[in-house]
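**Student:** Dropping the structure in here first, questions after.
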Amino acid sequence: TDSTSLRATHPLAIAPVTGPPSSVDGFVREFLNNLNYEQGVALSSSSPNDRYLALAYTVRDYLMARWLEDQRRQFEVQAKGVCYLSAEYLLGRQLDNNLLAARLTDIATEAMAACGIDIDELRQLEVEPGLGNGGLGRLAACFIDSLATMSVPSTGYGLRYEYGIFRQTFVDGEQIEQPDAWLTLGSPWEFPHPEAAQTIGFGGHTEKYNDDDGVTRSRWVPGWTVQAVPYNYMVPGYHNGRVNTLRLWSAVASSAFDLRIFNAGDYAEAVRAQTFAENISKVLYPEDSTPQGKELRLQQQYFFVAASIHDFLEHSLSADFDLTKLPERVIFQLNDTHPVIAVPELMRVLVDEKGMEWDAAWAITQQCFAYTCHTLLPEALEVWSVDLLGRLLPRHLEIIYRINDEFLAAVRERFGDDEMRIRNMSIIADFPERSVRMAFLATVAGAKVNGVAELHSQLLREKVLPDFDEFYPGKFTNVTNGVTPRRFVRLANPGLASLITEALGAGWTVDLERLRGLEAFAEDPEFRAKFAEVKAANKRRLSEVLRVRDGLEVSDGHMLDVMVKRLHEYKRQMLKVLHIVTLYEGIASGRVAASDVQPRTFIFGAKAAPGYVMAKRIIHLINAVGSVVNADPRVEGRLQVLFPPNYNVTLAERVIPAADLSEQISLAGKEASGTGNMKFALSGALTIGTDDGANVEIRQLVGDDNFFLFGMTEPEVEALWAAGYKPSEFYQSDEGLRWAIDLIASGAFSGGDRSTFEPVVSNLLYDDRFMVLADYASYIQAQAEVDAAYADQDAWTRSSILNVARSGFFSSDRSIRDYIDRIWHTPPSL
Ligand code: GL4
């Protein structure tokens, strides 16, 4: 008998699984059980880590019955579901989120107290799984939260990196990367299933053969294989009893592969092979928006999507499933180009393994995929050299060539022999080397292609893929990003959450448009006072965190002006630096009276890709400016610069709720959406920002009076490029800008050494790809308006409340609703 026909005989075995009783006593009993039986320790001899693990196991136990039930039901109903394919999930800590979802926060707190344990101490022990770089990975984490909260049948698929995004430290102001060994002390939220491993092939060759009917077919004979072991994570919905699954794959050497070498007597070689296989899920590539085209990266991508597709076909479909109906059962959502190799993989499975005709398989494939593009930067659109792809995945390359041949034939039919257009649209590029454009492959294969904010989707259609938009009318759409209000309001901002519930009643956590109801309260002085007190308390809490975490002291009573995001030139941390240096230079030179400047603390958080030299120089410069500014008595009590290292989700949850001002200052047309911008607005920070990404929609919603707009628009940027941009002309004609740049160039922030930041300065003066100098004057002007506005605290608070009230649109629940309506057409709940 196989496991599906196991028939239980004992009465207990056929009763549904039930969790422990929802009471403090029930929780205590379960906790002690876990401590004793899972950790093997008594309470009196347990370590804090034992207690943390036992607490996590206890929370799991409460979610288990629903999880098992939802898996059973999902299989039984066979409704259309979503497979979200993403190379990154930047999850953040799990404990609090799962307590909140399961309504256990109070019970757990009391239960721990009854055992003499401060639950807060255990919270601090959790190492967040940093399995993503930035916005793209965090978006995936918000989406699986919303999918569960909206009871959408869905599975998140990804990679279980042994090392996530590196831990950042500063030595003499420069970034040093350290490995993120997040698994060292145990990982209580995951369920490994080595018995359910998938075998994934690589390399080898393809061959033709005649099948039983004498038809010539192709098949792939891989040169080596790796085992993909699934690790399941619970993804609980908020207060709805739903628990979805996140399945992350880990690479293990295939035993057959090991043994052959081992038997040949080469023990060292056998171990080497194992290391080689396990390298695949060893480490997250730390590049955000700038793929490196490394072979290991392609291995990671194919490894996880092949495992995911096989897993879905084997375990989610009933035994007699008719594969021609696959589009009625699943949509694979491609989170950027990273999982796009899934397209030829599904084709290979359908044609080579299931014996389907090419045309039928292609028709199915085109309905089973949809593609989200997350960038406009040309260098971020992945391409794989034909040479590499052919070596690693020879059959997939053949399939891609055939897809391309048929696609280009159709383009010819439609547009005639317009060779220029054909070359521009070909999935295979010829220059600078023969390579596969993954975004084109995704666009050809996807039922829908979406950008992640209105402006981004528009530019995607008009600038990046215009020929495709013309060729495929109706294929392109927009889904503006969103963020989960559970983590970023309820958990991160409990003071604000209580105040909102007091004003509007419960319900807004899953229906964020209800925040509109706060508009009326903006006019109520009593409410404004309470709101201001919440912000002040959030600042005190941040101060405490930074003191304990980094030994930093936040000055009292300062405006908190925050720029947290990956370090990238297009995001323009340099513009922020020039603003700070301008203020500093003005006061230090005596030209500006310190008393005329609003006291401000500038907070940065940013990691640079380890190989991104200019980004690392800018980090160094921020730290150098901070050292000088913070030590200069002339600006004491006025200006402070703080740069806590290792910005991550956990720190974001403390920084964002404390912020007064949100810096969203990318060059127009470069930031696809941004999601930090949404978190800040929802936390009542006012935005100073360009007309870029989702800033556009934030400004439209909160209103011009509650947003500080500056800088060129995207068409103005284009026009300036066309006219010939010369940054030095801006330097020459703006004396404030000149003073600031000259001060940096003089060595004032590098102990008199003019060479340290010379590359940063010359980059600005002679290159300035992201037009920092062109937007400087407008930015300084807008910052003066910020200063003036902040002087009227009560008016500022009013604007701040209106930001919260009008940002309900940015819930990731709304994004998911848009995906369902515009792309997935899945039943809204199950
Ligand atoms: C990004 C975009 O840069 C960012 O604007 C967007 O918010 C995010 C999620 O859609 O995706 N694209 C890449 S690559 N990394 C990102 O964070």
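FYI, nothing fancy with the structure tokens labels: chains A, B, ... in order, residues from 1 per chain, ligands from 1 as they appear.
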Between chain A and ligand 1, at 6 Å or less, what are the per-residue closest atom pairs and their distances in Å? Count only C-alpha atoms and all ligand atoms, order by chain and rising residue number, and return it as a Markdown table.
**Tutor:**
```
| residue | atom | partner | partner_atom_place_in_ligand_line | distance |
| --- | --- | --- | --- | --- |
| A:Gly134 | CA | ligand 1 | 17 (O) | 5.1 |
| A:Gly135 | CA | ligand 1 | 17 (O) | 3.3 |
| A:Leu136 | CA | ligand 1 | 9 (C) | 3.9 |
| A:Leu139 | CA | ligand 1 | 9 (C) | 5.6 |
| A:Asp288 | CA | ligand 1 | 15 (N) | 5.4 |
| A:Ser289 | CA | ligand 1 | 14 (S) | 3.8 |
| A:His374 | CA | ligand 1 | 12 (N) | 4.2 |
| A:Thr375 | CA | ligand 1 | 12 (N) | 4.9 |
| A:Val452 | CA | ligand 1 | 10 (O) | 5.4 |
| A:Glu671 | CA | ligand 1 | 5 (O) | 4.5 |
| A:Ala672 | CA | ligand 1 | 5 (O) | 4.0 |
| A:Ser673 | CA | ligand 1 | 5 (O) | 3.9 |
| A:Gly674 | CA | ligand 1 | 7 (O) | 3.4 |
| A:Thr675 | CA | ligand 1 | 7 (O) | 4.9 |
```
**Student:** Do you know which residues are at most 7 Å from A:Val127 counting only C-alpha atoms, after dropping those on the same chain fewer than 2 positions away, and could you put them as a ChimeraX atom specification?
**Tutor:** /A:93,125,129,182
**Student:** What does the file look like for those residues with C-alpha atoms, as a compact mmCIF listing (two decimals), in the first residue's frame?
**Tutor:**
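And here's part.txt as it stands now:
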```txt
# COMPACT_ATOMS: atom_id res chain seq x y z
CA ARG A 93 11.38 37.72 11.55
CA LEU A 125 17.04 36.12 19.42
CA PRO A 129 15.86 34.95 7.08
CA TRP A 182 21.20 32.50 9.69
```
**Student:** Using DSSP on the backbone coordinates, identify the residues of stretch 383-551 of chain A assigned to strand (DSSP E or B); present them as a list in words.
**Tutor:** Val383, Trp384, Ser385, Ile428, Ala429, Ser435, Val436, Arg437, Val449, Asn450, Gly451, Phe476, Thr477, Asn478 and Val483 of chain A
**Student:** Write out as a list in words the residues lying within 8 Å of stretch 334-346 of chain A, counting only C-alpha atoms and excluding same-chain residues fewer than 5 positions away.
**Tutor:**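 The contact residues come out as Tyr84, Leu85, Ser86, Ala87, Ala140, Gln301, Tyr302, Val305, Ala306, Ile309, Thr365, Phe369, Ala370, Tyr371, Thr372, Cys373, His374, Leu381, Glu382, His396, Ile399, Ile400, Met438, Ala439, Leu441, Ala442 and Ala445 of chain A.
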**Student:** For the contact check between stretch 180-297 of chain A and stretch 45-57 of chain A, emit one row per residue of stretch 180-297 of chain A within 8 Å, containing the shortest atom pair and the distance in Å rounded to one decimal, counting only C-alpha atoms, chain then rising number order, as JSON lines.
**Tutor:**
```
{"residue": "A:Leu185", "atom": "CA", "partner": "A:Asn49", "partner_atom": "CA", "distance": 7.5}
{"residue": "A:Gly186", "atom": "CA", "partner": "A:Leu53", "partner_atom": "CA", "distance": 7.8}
{"residue": "A:Pro188", "atom": "CA", "partner": "A:Leu53", "partner_atom": "CA", "distance": 6.1}
{"residue": "A:Trp189", "atom": "CA", "partner": "A:Ala56", "partner_atom": "CA", "distance": 7.1}
```
**Student:** Atom CA of A:Leu122 and atom CA of A:Glu502, how far apart in Å?
**Tutor:**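 Value for the atom CA of A:Glu502-atom CA of A:Leu122 distance: 29.3 Å.
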**Student:** DSSP on the backbone: what in stretch 351-464 of chain A comes out alpha helix (DSSP H), as an MDAnalysis selection string?
**Tutor:** chainID A and resid 358:368 386:392 394:415 419:425 438:445 454:459
**Student:** Looking at A:Arg617, A:Leu682, A:Gly416, A:Met771, which one is nearest to A:Gly724, with distances taken over only C-alpha atoms?
**Tutor:**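 Of A:Arg617, A:Leu682, A:Gly416, A:Met771, the one nearest A:Gly724, counting only C-alpha atoms, is A:Met771.
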**Student:** I need the residue nearest A:Ile176 from this list: A:Ser595, A:Asn646, A:Ser316, A:Gln300. Use only C-alpha atoms for the distance.
**Tutor:**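 Under the stated criterion, the closest residue is A:Asn646.
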**Student:** Restricting the calculation to only C-alpha atoms, which member of A:Glu406, A:Ser778, A:Glu663, A:Ile364 is positioned closest to A:Lys325?
**Tutor:** A:Ile364
**Student:** At a cut-off of 10 Å, using only C-alpha atoms, what residues contact A:Ala740? Leave out same-chain residues fewer than 4 positions from it and give the result as a PDB file with N, CA and C atoms, in the first residue's frame.
**Tutor:**
```
ATOM      1  N   VAL A 577      23.557  63.460   0.264  1.00  0.00           N
ATOM      2  CA  VAL A 577      24.840  63.890   0.830  1.00  0.00           C
ATOM      3  C   VAL A 577      25.097  65.361   0.501  1.00  0.00           C
ATOM      4  N   LEU A 578      24.809  65.751  -0.740  1.00  0.00           N
ATOM      5  CA  LEU A 578      25.053  67.149  -1.120  1.00  0.00           C
ATOM      6  C   LEU A 578      24.166  68.091  -0.308  1.00  0.00           C
ATOM      7  N   HIS A 579      22.959  67.669  -0.001  1.00  0.00           N
ATOM      8  CA  HIS A 579      22.090  68.488   0.839  1.00  0.00           C
ATOM      9  C   HIS A 579      22.700  68.662   2.233  1.00  0.00           C
ATOM     10  N   ILE A 580      23.166  67.560   2.806  1.00  0.00           N
ATOM     11  CA  ILE A 580      23.744  67.617   4.158  1.00  0.00           C
ATOM     12  C   ILE A 580      24.991  68.504   4.162  1.00  0.00           C
ATOM     13  N   VAL A 581      25.839  68.295   3.150  1.00  0.00           N
ATOM     14  CA  VAL A 581      27.072  69.083   3.098  1.00  0.00           C
ATOM     15  C   VAL A 581      26.750  70.559   2.888  1.00  0.00           C
ATOM     16  N   THR A 582      25.722  70.845   2.108  1.00  0.00           N
ATOM     17  CA  THR A 582      25.319  72.228   1.896  1.00  0.00           C
ATOM     18  C   THR A 582      24.888  72.881   3.210  1.00  0.00           C
ATOM     19  N   LEU A 583      24.070  72.185   3.985  1.00  0.00           N
ATOM     20  CA  LEU A 583      23.642  72.732   5.270  1.00  0.00           C
ATOM     21  C   LEU A 583      24.844  72.927   6.191  1.00  0.00           C
ATOM     22  N   TYR A 584      25.684  71.926   6.212  1.00  0.00           N
ATOM     23  CA  TYR A 584      26.851  71.956   7.099  1.00  0.00           C
ATOM     24  C   TYR A 584      27.793  73.099   6.718  1.00  0.00           C
ATOM     25  N   GLU A 585      28.055  73.179   5.437  1.00  0.00           N
ATOM     26  CA  GLU A 585      28.974  74.216   4.951  1.00  0.00           C
ATOM     27  C   GLU A 585      28.404  75.610   5.244  1.00  0.00           C
ATOM     28  N   GLY A 586      27.092  75.744   5.070  1.00  0.00           N
ATOM     29  CA  GLY A 586      26.439  77.037   5.306  1.00  0.00           C
ATOM     30  C   GLY A 586      26.604  77.484   6.751  1.00  0.00           C
ATOM     31  N   TYR A 731      27.487  72.905 -11.952  1.00  0.00           N
ATOM     32  CA  TYR A 731      28.485  73.205 -10.920  1.00  0.00           C
ATOM     33  C   TYR A 731      28.945  74.658 -11.030  1.00  0.00           C
ATOM     34  N   GLU A 735      26.386  78.483  -6.917  1.00  0.00           N
ATOM     35  CA  GLU A 735      27.502  78.599  -5.971  1.00  0.00           C
ATOM     36  C   GLU A 735      27.331  77.695  -4.755  1.00  0.00           C
ATOM     37  N   GLY A 736      26.075  77.448  -4.339  1.00  0.00           N
ATOM     38  CA  GLY A 736      25.846  76.541  -3.208  1.00  0.00           C
ATOM     39  C   GLY A 736      26.350  75.138  -3.539  1.00  0.00           C
ATOM     40  N   ILE A 744      33.885  68.727  -0.318  1.00  0.00           N
ATOM     41  CA  ILE A 744      34.192  67.288  -0.387  1.00  0.00           C
ATOM     42  C   ILE A 744      35.555  67.092  -1.055  1.00  0.00           C
ATOM     43  N   ALA A 745      35.748  67.831  -2.167  1.00  0.00           N
ATOM     44  CA  ALA A 745      36.993  67.676  -2.933  1.00  0.00           C
ATOM     45  C   ALA A 745      38.205  68.143  -2.131  1.00  0.00           C
ATOM     46  N   SER A 746      38.007  69.068  -1.199  1.00  0.00           N
ATOM     47  CA  SER A 746      39.132  69.640  -0.438  1.00  0.00           C
ATOM     48  C   SER A 746      39.736  68.658   0.555  1.00  0.00           C
TER      49      SER A 746
END
```
**Student:** As a list in words, please: the residues near A:Ile820 (cut-off 12 Å, only C-alpha atoms, same-chain neighbours under 4 positions excluded).
**Tutor:** Lys80, Gly81, Val82, Ser146, Leu147, Met150, Val152, Pro153, Ser154, Ile331, Gln333, Ala370, Lys448, Val479, Asp813, Arg814, Ser815, Ile816, Trp824, His825, Thr826, Pro827, Pro828 and Ser829 of chain A
**Student:** Any idea what's packed within 12 Å of A:Asp632, counting only C-alpha atoms, ignoring anything in its chain fewer than 2 positions away? Could you give it as a ChimeraX atom specification?
**Tutor:** /A:584-585,587-588,625-630,634-641,748-749
**Student:** Take the residues just selected and output them with N, CA and C atoms as a PDB file, in the first residue's frame.
**Tutor:**
```
ATOM      1  N   TYR A 584      25.684  71.926   6.212  1.00  0.00           N
ATOM      2  CA  TYR A 584      26.851  71.956   7.099  1.00  0.00           C
ATOM      3  C   TYR A 584      27.793  73.099   6.718  1.00  0.00           C
ATOM      4  N   GLU A 585      28.055  73.179   5.437  1.00  0.00           N
ATOM      5  CA  GLU A 585      28.974  74.216   4.951  1.00  0.00           C
ATOM      6  C   GLU A 585      28.404  75.610   5.244  1.00  0.00           C
ATOM      7  N   ILE A 587      26.337  76.578   7.681  1.00  0.00           N
ATOM      8  CA  ILE A 587      26.417  76.932   9.102  1.00  0.00           C
ATOM      9  C   ILE A 587      27.873  77.102   9.526  1.00  0.00           C
ATOM     10  N   ALA A 588      28.721  76.151   9.088  1.00  0.00           N
ATOM     11  CA  ALA A 588      30.123  76.181   9.518  1.00  0.00           C
ATOM     12  C   ALA A 588      30.826  77.437   9.017  1.00  0.00           C
ATOM     13  N   VAL A 625      31.273  62.015   6.148  1.00  0.00           N
ATOM     14  CA  VAL A 625      30.549  63.265   6.396  1.00  0.00           C
ATOM     15  C   VAL A 625      29.925  63.200   7.798  1.00  0.00           C
ATOM     16  N   GLY A 626      29.363  62.052   8.127  1.00  0.00           N
ATOM     17  CA  GLY A 626      28.753  61.875   9.456  1.00  0.00           C
ATOM     18  C   GLY A 626      29.762  62.116  10.569  1.00  0.00           C
ATOM     19  N   SER A 627      30.952  61.556  10.433  1.00  0.00           N
ATOM     20  CA  SER A 627      31.959  61.725  11.491  1.00  0.00           C
ATOM     21  C   SER A 627      32.285  63.190  11.727  1.00  0.00           C
ATOM     22  N   VAL A 628      32.464  63.913  10.627  1.00  0.00           N
ATOM     23  CA  VAL A 628      32.839  65.324  10.749  1.00  0.00           C
ATOM     24  C   VAL A 628      31.671  66.152  11.300  1.00  0.00           C
ATOM     25  N   VAL A 629      30.499  65.958  10.726  1.00  0.00           N
ATOM     26  CA  VAL A 629      29.330  66.741  11.138  1.00  0.00           C
ATOM     27  C   VAL A 629      29.012  66.487  12.616  1.00  0.00           C
ATOM     28  N   ASN A 630      29.023  65.205  12.996  1.00  0.00           N
ATOM     29  CA  ASN A 630      28.622  64.870  14.364  1.00  0.00           C
ATOM     30  C   ASN A 630      29.612  65.382  15.408  1.00  0.00           C
ATOM     31  N   ARG A 634      30.009  73.527  15.912  1.00  0.00           N
ATOM     32  CA  ARG A 634      29.254  74.608  15.247  1.00  0.00           C
ATOM     33  C   ARG A 634      27.864  74.156  14.802  1.00  0.00           C
ATOM     34  N   VAL A 635      27.696  72.869  14.581  1.00  0.00           N
ATOM     35  CA  VAL A 635      26.370  72.390  14.133  1.00  0.00           C
ATOM     36  C   VAL A 635      25.710  71.514  15.198  1.00  0.00           C
ATOM     37  N   GLU A 636      26.317  71.499  16.374  1.00  0.00           N
ATOM     38  CA  GLU A 636      25.769  70.671  17.442  1.00  0.00           C
ATOM     39  C   GLU A 636      24.344  71.090  17.767  1.00  0.00           C
ATOM     40  N   GLY A 637      23.504  70.104  17.962  1.00  0.00           N
ATOM     41  CA  GLY A 637      22.098  70.399  18.264  1.00  0.00           C
ATOM     42  C   GLY A 637      21.305  70.784  17.027  1.00  0.00           C
ATOM     43  N   ARG A 638      21.968  70.794  15.867  1.00  0.00           N
ATOM     44  CA  ARG A 638      21.282  71.171  14.612  1.00  0.00           C
ATOM     45  C   ARG A 638      21.306  70.034  13.601  1.00  0.00           C
ATOM     46  N   LEU A 639      22.494  69.512  13.374  1.00  0.00           N
ATOM     47  CA  LEU A 639      22.631  68.481  12.345  1.00  0.00           C
ATOM     48  C   LEU A 639      23.284  67.230  12.939  1.00  0.00           C
ATOM     49  N   GLN A 640      22.736  66.098  12.578  1.00  0.00           N
ATOM     50  CA  GLN A 640      23.329  64.843  13.010  1.00  0.00           C
ATOM     51  C   GLN A 640      23.143  63.844  11.868  1.00  0.00           C
ATOM     52  N   VAL A 641      24.145  63.020  11.628  1.00  0.00           N
ATOM     53  CA  VAL A 641      24.074  62.007  10.564  1.00  0.00           C
ATOM     54  C   VAL A 641      24.314  60.635  11.181  1.00  0.00           C
ATOM     55  N   ALA A 748      38.029  67.761   3.267  1.00  0.00           N
ATOM     56  CA  ALA A 748      37.475  68.121   4.583  1.00  0.00           C
ATOM     57  C   ALA A 748      36.864  66.926   5.302  1.00  0.00           C
ATOM     58  N   PHE A 749      36.450  65.917   4.545  1.00  0.00           N
ATOM     59  CA  PHE A 749      35.835  64.745   5.178  1.00  0.00           C
ATOM     60  C   PHE A 749      36.751  63.523   5.133  1.00  0.00           C
TER      61      PHE A 749
END
```
**Student:** Of the residues A:Asp211, A:Asp692, A:Asp792, A:Asp596, which is the one nearest to A:Glu353, using only C-alpha atoms?
**Tutor:**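 Between A:Asp211, A:Asp692, A:Asp792, A:Asp596, the residue approaching A:Glu353 most closely is A:Asp211.
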**Student:** Within 6 Å of A:Tyr163, counting only C-alpha atoms, which residues qualify if same-chain residues fewer than 2 places away don't, as a list in words?
**Tutor:**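 Contacts, with the query itself left out: Tyr161, Asp180, Ala181 and Val283 of chain A.
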